[in-house]
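Chemist: Sharing work.tsv (TSV, N, CA and C atoms) below.
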chain	number	residue	atom	x	y	z
A	278	MET	N	76.78	17.12	-86.10
A	278	MET	CA	75.52	16.49	-86.43
A	278	MET	C	74.41	17.48	-86.10
A	279	SER	N	73.55	17.73	-87.06
A	279	SER	CA	72.45	18.66	-86.83
A	279	SER	C	71.38	17.99	-85.96
A	280	GLU	N	70.55	18.81	-85.37
A	280	GLU	CA	69.50	18.29	-84.48
A	280	GLU	C	68.54	17.37	-85.22
A	281	SER	N	68.24	17.66	-86.48
A	281	SER	CA	67.32	16.81	-87.24
A	281	SER	C	67.94	15.46	-87.56
A	282	GLU	N	69.27	15.38	-87.66
A	282	GLU	CA	69.93	14.10	-87.91
A	282	GLU	C	69.90	13.21	-86.67
A	283	LYS	N	69.64	13.78	-85.51
A	283	LYS	CA	69.60	13.02	-84.27
A	283	LYS	C	68.26	12.32	-84.06
A	284	ILE	N	67.29	12.58	-84.93
A	284	ILE	CA	65.96	12.02	-84.78
A	284	ILE	C	65.75	10.95	-85.85
A	285	VAL	N	65.42	9.75	-85.41
A	285	VAL	CA	65.15	8.63	-86.32
A	285	VAL	C	63.68	8.28	-86.20
A	286	SER	N	62.98	8.23	-87.31
A	286	SER	CA	61.56	7.93	-87.29
A	286	SER	C	61.31	6.50	-87.74
A	287	LEU	N	60.67	5.70	-86.90
A	287	LEU	CA	60.33	4.33	-87.25
A	287	LEU	C	59.02	4.24	-88.01
A	288	LYS	N	58.21	5.27	-87.92
A	288	LYS	CA	56.92	5.25	-88.61
A	288	LYS	C	57.09	5.10	-90.11
A	289	SER	N	58.11	5.71	-90.66
A	289	SER	CA	58.27	5.71	-92.10
A	289	SER	C	59.04	4.51	-92.61
A	290	ALA	N	59.51	3.65	-91.74
A	290	ALA	CA	60.31	2.51	-92.15
A	290	ALA	C	59.46	1.35	-92.66
A	291	ARG	N	58.15	1.48	-92.61
A	291	ARG	CA	57.27	0.36	-92.97
A	291	ARG	C	57.22	0.09	-94.46
A	292	ASN	N	57.26	1.12	-95.26
A	292	ASN	CA	57.30	0.90	-96.71
A	292	ASN	C	57.92	2.11	-97.40
A	293	LYS	N	58.25	1.94	-98.64
A	293	LYS	CA	59.00	2.97	-99.35
A	293	LYS	C	58.19	4.24	-99.58
A	294	THR	N	56.89	4.15	-99.67
A	294	THR	CA	56.11	5.37	-99.89
A	294	THR	C	56.17	6.27	-98.66
A	295	LYS	N	56.31	5.68	-97.51
A	295	LYS	CA	56.41	6.49	-96.30
A	295	LYS	C	57.80	7.09	-96.14
A	296	GLU	N	58.78	6.62	-96.89
A	296	GLU	CA	60.14	7.18	-96.84
A	296	GLU	C	60.11	8.65	-97.23
A	297	VAL	N	59.28	9.00	-98.18
A	297	VAL	CA	59.14	10.39	-98.59
A	297	VAL	C	58.60	11.22	-97.43
A	298	GLN	N	57.65	10.66	-96.68
A	298	GLN	CA	57.10	11.36	-95.53
A	298	GLN	C	58.17	11.61	-94.48
A	299	LYS	N	59.06	10.64	-94.28
A	299	LYS	CA	60.14	10.79	-93.30
A	299	LYS	C	61.04	11.96	-93.68
A	300	GLU	N	61.44	12.02	-94.96
A	300	GLU	CA	62.28	13.11	-95.41
A	300	GLU	C	61.57	14.44	-95.23
A	301	SER	N	60.29	14.46	-95.54
A	301	SER	CA	59.51	15.67	-95.38
A	301	SER	C	59.43	16.06	-93.90
A	302	LYS	N	59.22	15.08	-93.03
A	302	LYS	CA	59.12	15.36	-91.60
A	302	LYS	C	60.46	15.86	-91.06
A	303	ASN	N	61.57	15.25	-91.49
A	303	ASN	CA	62.88	15.71	-91.05
A	303	ASN	C	63.13	17.14	-91.48
A	304	GLU	N	62.68	17.50	-92.68
A	304	GLU	CA	62.83	18.87	-93.14
A	304	GLU	C	62.01	19.81	-92.27
A	305	GLU	N	60.80	19.37	-91.90
A	305	GLU	CA	59.96	20.20	-91.04
A	305	GLU	C	60.62	20.40	-89.68
A	306	VAL	N	61.20	19.35	-89.10
A	306	VAL	CA	61.84	19.47	-87.80
A	306	VAL	C	63.01	20.44	-87.88
A	307	SER	N	63.82	20.32	-88.94
A	307	SER	CA	64.97	21.20	-89.05
A	307	SER	C	64.54	22.65	-89.33
A	308	GLN	N	63.43	22.84	-90.02
A	308	GLN	CA	62.98	24.18	-90.31
A	308	GLN	C	62.37	24.85	-89.08
A	309	THR	N	61.60	24.10	-88.30
A	309	THR	CA	60.94	24.69	-87.15
A	309	THR	C	61.81	24.66	-85.91
A	310	ASN	N	62.80	23.78	-85.89
A	310	ASN	CA	63.67	23.60	-84.72
A	310	ASN	C	62.90	23.31	-83.45
A	311	GLU	N	61.72	22.74	-83.59
A	311	GLU	CA	60.93	22.34	-82.43
A	311	GLU	C	61.59	21.10	-81.82
A	312	PRO	N	61.84	21.11	-80.53
A	312	PRO	CA	62.45	19.93	-79.92
A	312	PRO	C	61.47	18.75	-79.88
A	313	VAL	N	62.03	17.56	-79.93
A	313	VAL	CA	61.27	16.32	-79.79
A	313	VAL	C	61.65	15.76	-78.43
A	314	TYR	N	60.66	15.41	-77.61
A	314	TYR	CA	60.91	14.97	-76.25
A	314	TYR	C	60.77	13.46	-76.09
A	315	CYS	N	61.64	12.87	-75.27
A	315	CYS	CA	61.56	11.45	-74.95
A	315	CYS	C	60.32	11.22	-74.12
A	316	SER	N	59.52	10.23	-74.49
A	316	SER	CA	58.30	9.91	-73.76
A	316	SER	C	58.59	9.28	-72.40
A	317	PHE	N	59.83	8.84	-72.18
A	317	PHE	CA	60.19	8.16	-70.94
A	317	PHE	C	60.84	9.09	-69.93
A	318	CYS	N	61.88	9.83	-70.36
A	318	CYS	CA	62.60	10.69	-69.41
A	318	CYS	C	62.26	12.17	-69.57
A	319	GLY	N	61.63	12.52	-70.69
A	319	GLY	CA	61.21	13.91	-70.91
A	319	GLY	C	62.28	14.83	-71.47
A	320	ARG	N	63.50	14.31	-71.72
A	320	ARG	CA	64.55	15.18	-72.26
A	320	ARG	C	64.31	15.46	-73.74
A	321	PRO	N	64.69	16.65	-74.20
A	321	PRO	CA	64.54	16.98	-75.63
A	321	PRO	C	65.68	16.38	-76.44
A	322	ASN	N	65.49	16.29	-77.75
A	322	ASN	CA	66.52	15.75	-78.62
A	322	ASN	C	67.81	16.56	-78.59
A	323	THR	N	67.76	17.79	-78.11
A	323	THR	CA	68.96	18.62	-78.02
A	323	THR	C	69.88	18.18	-76.88
A	324	GLN	N	69.37	17.33	-75.97
A	324	GLN	CA	70.16	16.90	-74.82
A	324	GLN	C	70.52	15.42	-74.85
A	325	VAL	N	70.22	14.73	-75.95
A	325	VAL	CA	70.51	13.30	-76.03
A	325	VAL	C	71.29	13.00	-77.30
A	326	VAL	N	71.85	11.78	-77.37
A	326	VAL	CA	72.63	11.39	-78.55
A	326	VAL	C	71.73	11.19	-79.75
A	327	LYS	N	70.67	10.40	-79.59
A	327	LYS	CA	69.72	10.12	-80.68
A	327	LYS	C	68.32	10.01	-80.08
A	328	MET	N	67.32	10.22	-80.94
A	328	MET	CA	65.92	10.08	-80.54
A	328	MET	C	65.23	9.24	-81.60
A	329	VAL	N	64.50	8.22	-81.16
A	329	VAL	CA	63.75	7.37	-82.08
A	329	VAL	C	62.28	7.73	-81.92
A	330	GLN	N	61.63	8.04	-83.04
A	330	GLN	CA	60.21	8.37	-83.02
A	330	GLN	C	59.41	7.17	-83.48
A	331	GLY	N	58.39	6.82	-82.71
A	331	GLY	CA	57.46	5.77	-83.08
A	331	GLY	C	56.08	6.38	-83.23
A	332	PRO	N	55.08	5.55	-83.43
A	332	PRO	CA	53.72	6.10	-83.57
A	332	PRO	C	53.21	6.64	-82.24
A	333	GLY	N	53.33	7.93	-82.07
A	333	GLY	CA	52.83	8.59	-80.86
A	333	GLY	C	53.77	8.58	-79.68
A	334	VAL	N	54.97	8.01	-79.82
A	334	VAL	CA	55.95	7.98	-78.72
A	334	VAL	C	57.34	8.24	-79.26
A	335	ASN	N	58.22	8.68	-78.36
A	335	ASN	CA	59.62	8.89	-78.70
A	335	ASN	C	60.45	8.27	-77.58
A	336	ILE	N	61.63	7.75	-77.93
A	336	ILE	CA	62.53	7.23	-76.91
A	336	ILE	C	63.96	7.63	-77.28
A	337	CYS	N	64.68	8.14	-76.28
A	337	CYS	CA	66.07	8.55	-76.52
A	337	CYS	C	66.99	7.35	-76.41
A	338	SER	N	68.21	7.52	-76.90
A	338	SER	CA	69.17	6.43	-76.90
A	338	SER	C	69.50	5.97	-75.48
A	339	GLU	N	69.53	6.90	-74.53
A	339	GLU	CA	69.84	6.52	-73.16
A	339	GLU	C	68.73	5.66	-72.55
A	340	CYS	N	67.49	6.03	-72.75
A	340	CYS	CA	66.37	5.23	-72.24
A	340	CYS	C	66.30	3.87	-72.94
A	341	THR	N	66.67	3.85	-74.22
A	341	THR	CA	66.71	2.59	-74.95
A	341	THR	C	67.73	1.66	-74.32
A	342	MET	N	68.91	2.17	-74.01
A	342	MET	CA	69.95	1.34	-73.40
A	342	MET	C	69.52	0.84	-72.01
A	343	ILE	N	68.87	1.68	-71.24
A	343	ILE	CA	68.37	1.26	-69.93
A	343	ILE	C	67.36	0.14	-70.09
A	344	ALA	N	66.45	0.29	-71.04
A	344	ALA	CA	65.43	-0.74	-71.28
A	344	ALA	C	66.06	-2.05	-71.72
A	345	VAL	N	67.03	-1.98	-72.63
A	345	VAL	CA	67.70	-3.20	-73.11
A	345	VAL	C	68.42	-3.88	-71.95
A	346	GLN	N	69.15	-3.11	-71.16
A	346	GLN	CA	69.86	-3.69	-70.02
A	346	GLN	C	68.90	-4.33	-69.04
A	347	TYR	N	67.79	-3.67	-68.76
A	347	TYR	CA	66.79	-4.23	-67.84
A	347	TYR	C	66.25	-5.55	-68.38
A	348	LEU	N	65.88	-5.56	-69.65
A	348	LEU	CA	65.30	-6.77	-70.23
A	348	LEU	C	66.31	-7.93	-70.24
A	349	ILE	N	67.57	-7.64	-70.51
A	349	ILE	CA	68.59	-8.68	-70.48
A	349	ILE	C	68.78	-9.20	-69.07
A	350	LEU	N	68.88	-8.30	-68.11
A	350	LEU	CA	69.09	-8.73	-66.72
A	350	LEU	C	67.88	-9.48	-66.18
A	351	GLU	N	66.70	-9.04	-66.56
A	351	GLU	CA	65.47	-9.68	-66.10
A	351	GLU	C	65.39	-11.13	-66.60
A	352	ASP	N	65.79	-11.35	-67.84
A	352	ASP	CA	65.74	-12.69	-68.43
A	352	ASP	C	67.01	-13.48	-68.17
A	353	LYS	N	68.02	-12.83	-67.61
A	353	LYS	CA	69.33	-13.43	-67.33
A	353	LYS	C	70.13	-13.68	-68.59
A	354	LEU	N	69.55	-14.25	-69.62
A	354	LEU	CA	70.25	-14.49	-70.88
A	354	LEU	C	69.37	-14.01	-72.03
A	355	PRO	N	69.95	-13.27	-72.97
A	355	PRO	CA	69.13	-12.84	-74.11
A	355	PRO	C	68.81	-14.02	-75.03
A	356	SER	N	67.73	-13.89	-75.75
A	356	SER	CA	67.39	-14.91	-76.74
A	356	SER	C	68.46	-14.92	-77.82
A	357	SER	N	68.47	-15.94	-78.64
A	357	SER	CA	69.48	-16.02	-79.70
A	357	SER	C	69.35	-14.85	-80.68
A	358	GLU	N	68.12	-14.42	-80.95
A	358	GLU	CA	67.93	-13.28	-81.85
A	358	GLU	C	68.46	-12.00	-81.22
A	359	ALA	N	68.18	-11.80	-79.93
A	359	ALA	CA	68.67	-10.61	-79.25
A	359	ALA	C	70.19	-10.64	-79.17
A	360	GLN	N	70.76	-11.81	-78.95
A	360	GLN	CA	72.22	-11.92	-78.87
A	360	GLN	C	72.87	-11.55	-80.20
A	361	LYS	N	72.25	-11.92	-81.31
A	361	LYS	CA	72.78	-11.55	-82.63
A	361	LYS	C	72.80	-10.03	-82.78
A	362	ILE	N	71.74	-9.38	-82.36
A	362	ILE	CA	71.66	-7.93	-82.44
A	362	ILE	C	72.73	-7.29	-81.57
A	363	LEU	N	72.88	-7.80	-80.35
A	363	LEU	CA	73.90	-7.26	-79.44
A	363	LEU	C	75.31	-7.46	-80.02
A	364	ASP	N	75.56	-8.62	-80.61
A	364	ASP	CA	76.86	-8.89	-81.21
A	364	ASP	C	77.17	-7.90	-82.33
A	365	ILE	N	76.18	-7.63	-83.17
A	365	ILE	CA	76.35	-6.66	-84.26
A	365	ILE	C	76.61	-5.27	-83.68
A	366	PHE	N	75.82	-4.90	-82.67
A	366	PHE	CA	75.96	-3.59	-82.04
A	366	PHE	C	77.37	-3.41	-81.48
A	367	TRP	N	77.83	-4.36	-80.70
A	367	TRP	CA	79.13	-4.23	-80.06
A	367	TRP	C	80.27	-4.32	-81.07
A	368	SER	N	80.09	-5.06	-82.16
A	368	SER	CA	81.16	-5.14	-83.16
A	368	SER	C	81.33	-3.80	-83.89
A	369	LYS	N	80.26	-3.04	-84.01
A	369	LYS	CA	80.34	-1.73	-84.69
A	369	LYS	C	80.95	-0.68	-83.78
A	370	ILE	N	80.82	-0.85	-82.48
A	370	ILE	CA	81.37	0.13	-81.54
A	370	ILE	C	82.88	-0.02	-81.43
A	371	LYS	N	83.37	-1.24	-81.52
A	371	LYS	CA	84.82	-1.48	-81.34
A	371	LYS	C	85.63	-0.88	-82.40
Let me see the structure of the file written as structure tokens.

Modeler:
Amino acid sequence: MSESEKIVSLKSARNKTKEVQKESKNEEVSQTNEPVYCSFCGRPNTQVVKMVQGPGVNICSECTMIAVQYLILEDKLPSSEAQKILDIFWSKIK
């Protein structure tokens, strides 16, 4: 998996016209090989499994999992919507 494939941008997921911007941005990242850093732990995309880019922030897959675990433990039980997402996630891993 190339480094640019490890970066997922949420900014461009809002509508189809921004999809072109995402492809353009991914090409820029792969051409410049500039690392993208997690806004939470500071690690670059070269040291993590995946990186999600949002408007002005980035979060790596490891920090995402920590946040999800914290939120589930804090609430004791996930909401029905969150449980559906978790069920889908775990079914794809098996």

Chemist: Do you have the CA of Val334 (chain A)-CA of Lys283 (chain A) distance handy?

Modeler: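 One can read the CA of Val334 (chain A) to CA of Lys283 (chain A) distance as 15.6 Å.
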
Chemist: In Å, with one decimal, what is the gap from atom C of Glu282 (chain A) to atom C of Val345 (chain A)?

Modeler: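 Result for atom C of Glu282 (chain A) versus atom C of Val345 (chain A): 22.6 Å, one decimal.
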
Chemist: Can you work out the spacing between CA of Glu358 (chain A) and atom N of Met328 (chain A) in Å, to one decimal?

Modeler: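 Going from CA of Glu358 (chain A) over to atom N of Met328 (chain A) covers 23.5 Å.
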
Chemist: Under the rule that only N, CA and C atoms are counted, which of A:Lys327, A:Ala344, A:Cys337, A:Val285 is the nearest residue to Cys315 (chain A)?

Modeler: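 Nearest candidate to Cys315 (chain A) out of A:Lys327, A:Ala344, A:Cys337, A:Val285: A:Cys337.
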
Chemist: Return the single residue from A:Ser368, A:Ser357, A:Ser286, A:Asn310 that is closest to Ile336 (chain A), with distances computed using only C-alpha atoms.

Modeler: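 Of A:Ser368, A:Ser357, A:Ser286, A:Asn310, the one nearest Ile336 (chain A) is A:Ser286, counting only C-alpha atoms.
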
Chemist: Which one of A:Ser356, A:Gln346, A:Ser338, A:Ser279 sits closest to Cys318 (chain A) if you count only C-alpha atoms?

Modeler: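 Residue with the minimum atom-to-atom distance to Cys318 (chain A): A:Ser338.
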
Chemist: Can you work out which one of A:Glu339, A:Phe366, A:Glu311, A:Leu350 has the shortest atom-to-atom distance to Val325 (chain A), counting all atoms listed in the file?

Modeler: A:Glu339

Chemist: Could you find all residues in region 307-347 of chain A that DSSP calls helix (DSSP H, G or I) from the backbone, and write them as a list in words?

Modeler: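 Of region 307-347 of chain A, the ones in helix (DSSP H, G or I) are Ser307, Gln308, Thr309, Asn322, Thr323, Gln324, Ser338, Glu339, Cys340, Thr341, Met342, Ile343, Ala344, Val345, Gln346 and Tyr347 of chain A.
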
Chemist: Go ahead and write the residues just picked, N, CA and C atoms, as a compact mmCIF listing (two decimals), in the coordinates of the input.

Modeler:
# COMPACT_ATOMS: atom_id res chain seq x y z
N SER A 307 63.82 20.32 -88.94
CA SER A 307 64.97 21.20 -89.05
C SER A 307 64.54 22.65 -89.33
N GLN A 308 63.43 22.84 -90.02
CA GLN A 308 62.98 24.18 -90.31
C GLN A 308 62.37 24.85 -89.08
N THR A 309 61.60 24.10 -88.30
CA THR A 309 60.94 24.69 -87.15
C THR A 309 61.81 24.66 -85.91
N ASN A 322 65.49 16.29 -77.75
CA ASN A 322 66.52 15.75 -78.62
C ASN A 322 67.81 16.56 -78.59
N THR A 323 67.76 17.79 -78.11
CA THR A 323 68.96 18.62 -78.02
C THR A 323 69.88 18.18 -76.88
N GLN A 324 69.37 17.33 -75.97
CA GLN A 324 70.16 16.90 -74.82
C GLN A 324 70.52 15.42 -74.85
N SER A 338 68.21 7.52 -76.90
CA SER A 338 69.17 6.43 -76.90
C SER A 338 69.50 5.97 -75.48
N GLU A 339 69.53 6.90 -74.53
CA GLU A 339 69.84 6.52 -73.16
C GLU A 339 68.73 5.66 -72.55
N CYS A 340 67.49 6.03 -72.75
CA CYS A 340 66.37 5.23 -72.24
C CYS A 340 66.30 3.87 -72.94
N THR A 341 66.67 3.85 -74.22
CA THR A 341 66.71 2.59 -74.95
C THR A 341 67.73 1.66 -74.32
N MET A 342 68.91 2.17 -74.01
CA MET A 342 69.95 1.34 -73.40
C MET A 342 69.52 0.84 -72.01
N ILE A 343 68.87 1.68 -71.24
CA ILE A 343 68.37 1.26 -69.93
C ILE A 343 67.36 0.14 -70.09
N ALA A 344 66.45 0.29 -71.04
CA ALA A 344 65.43 -0.74 -71.28
C ALA A 344 66.06 -2.05 -71.72
N VAL A 345 67.03 -1.98 -72.63
CA VAL A 345 67.70 -3.20 -73.11
C VAL A 345 68.42 -3.88 -71.95
N GLN A 346 69.15 -3.11 -71.16
CA GLN A 346 69.86 -3.69 -70.02
C GLN A 346 68.90 -4.33 -69.04
N TYR A 347 67.79 -3.67 -68.76
CA TYR A 347 66.79 -4.23 -67.84
C TYR A 347 66.25 -5.55 -68.38
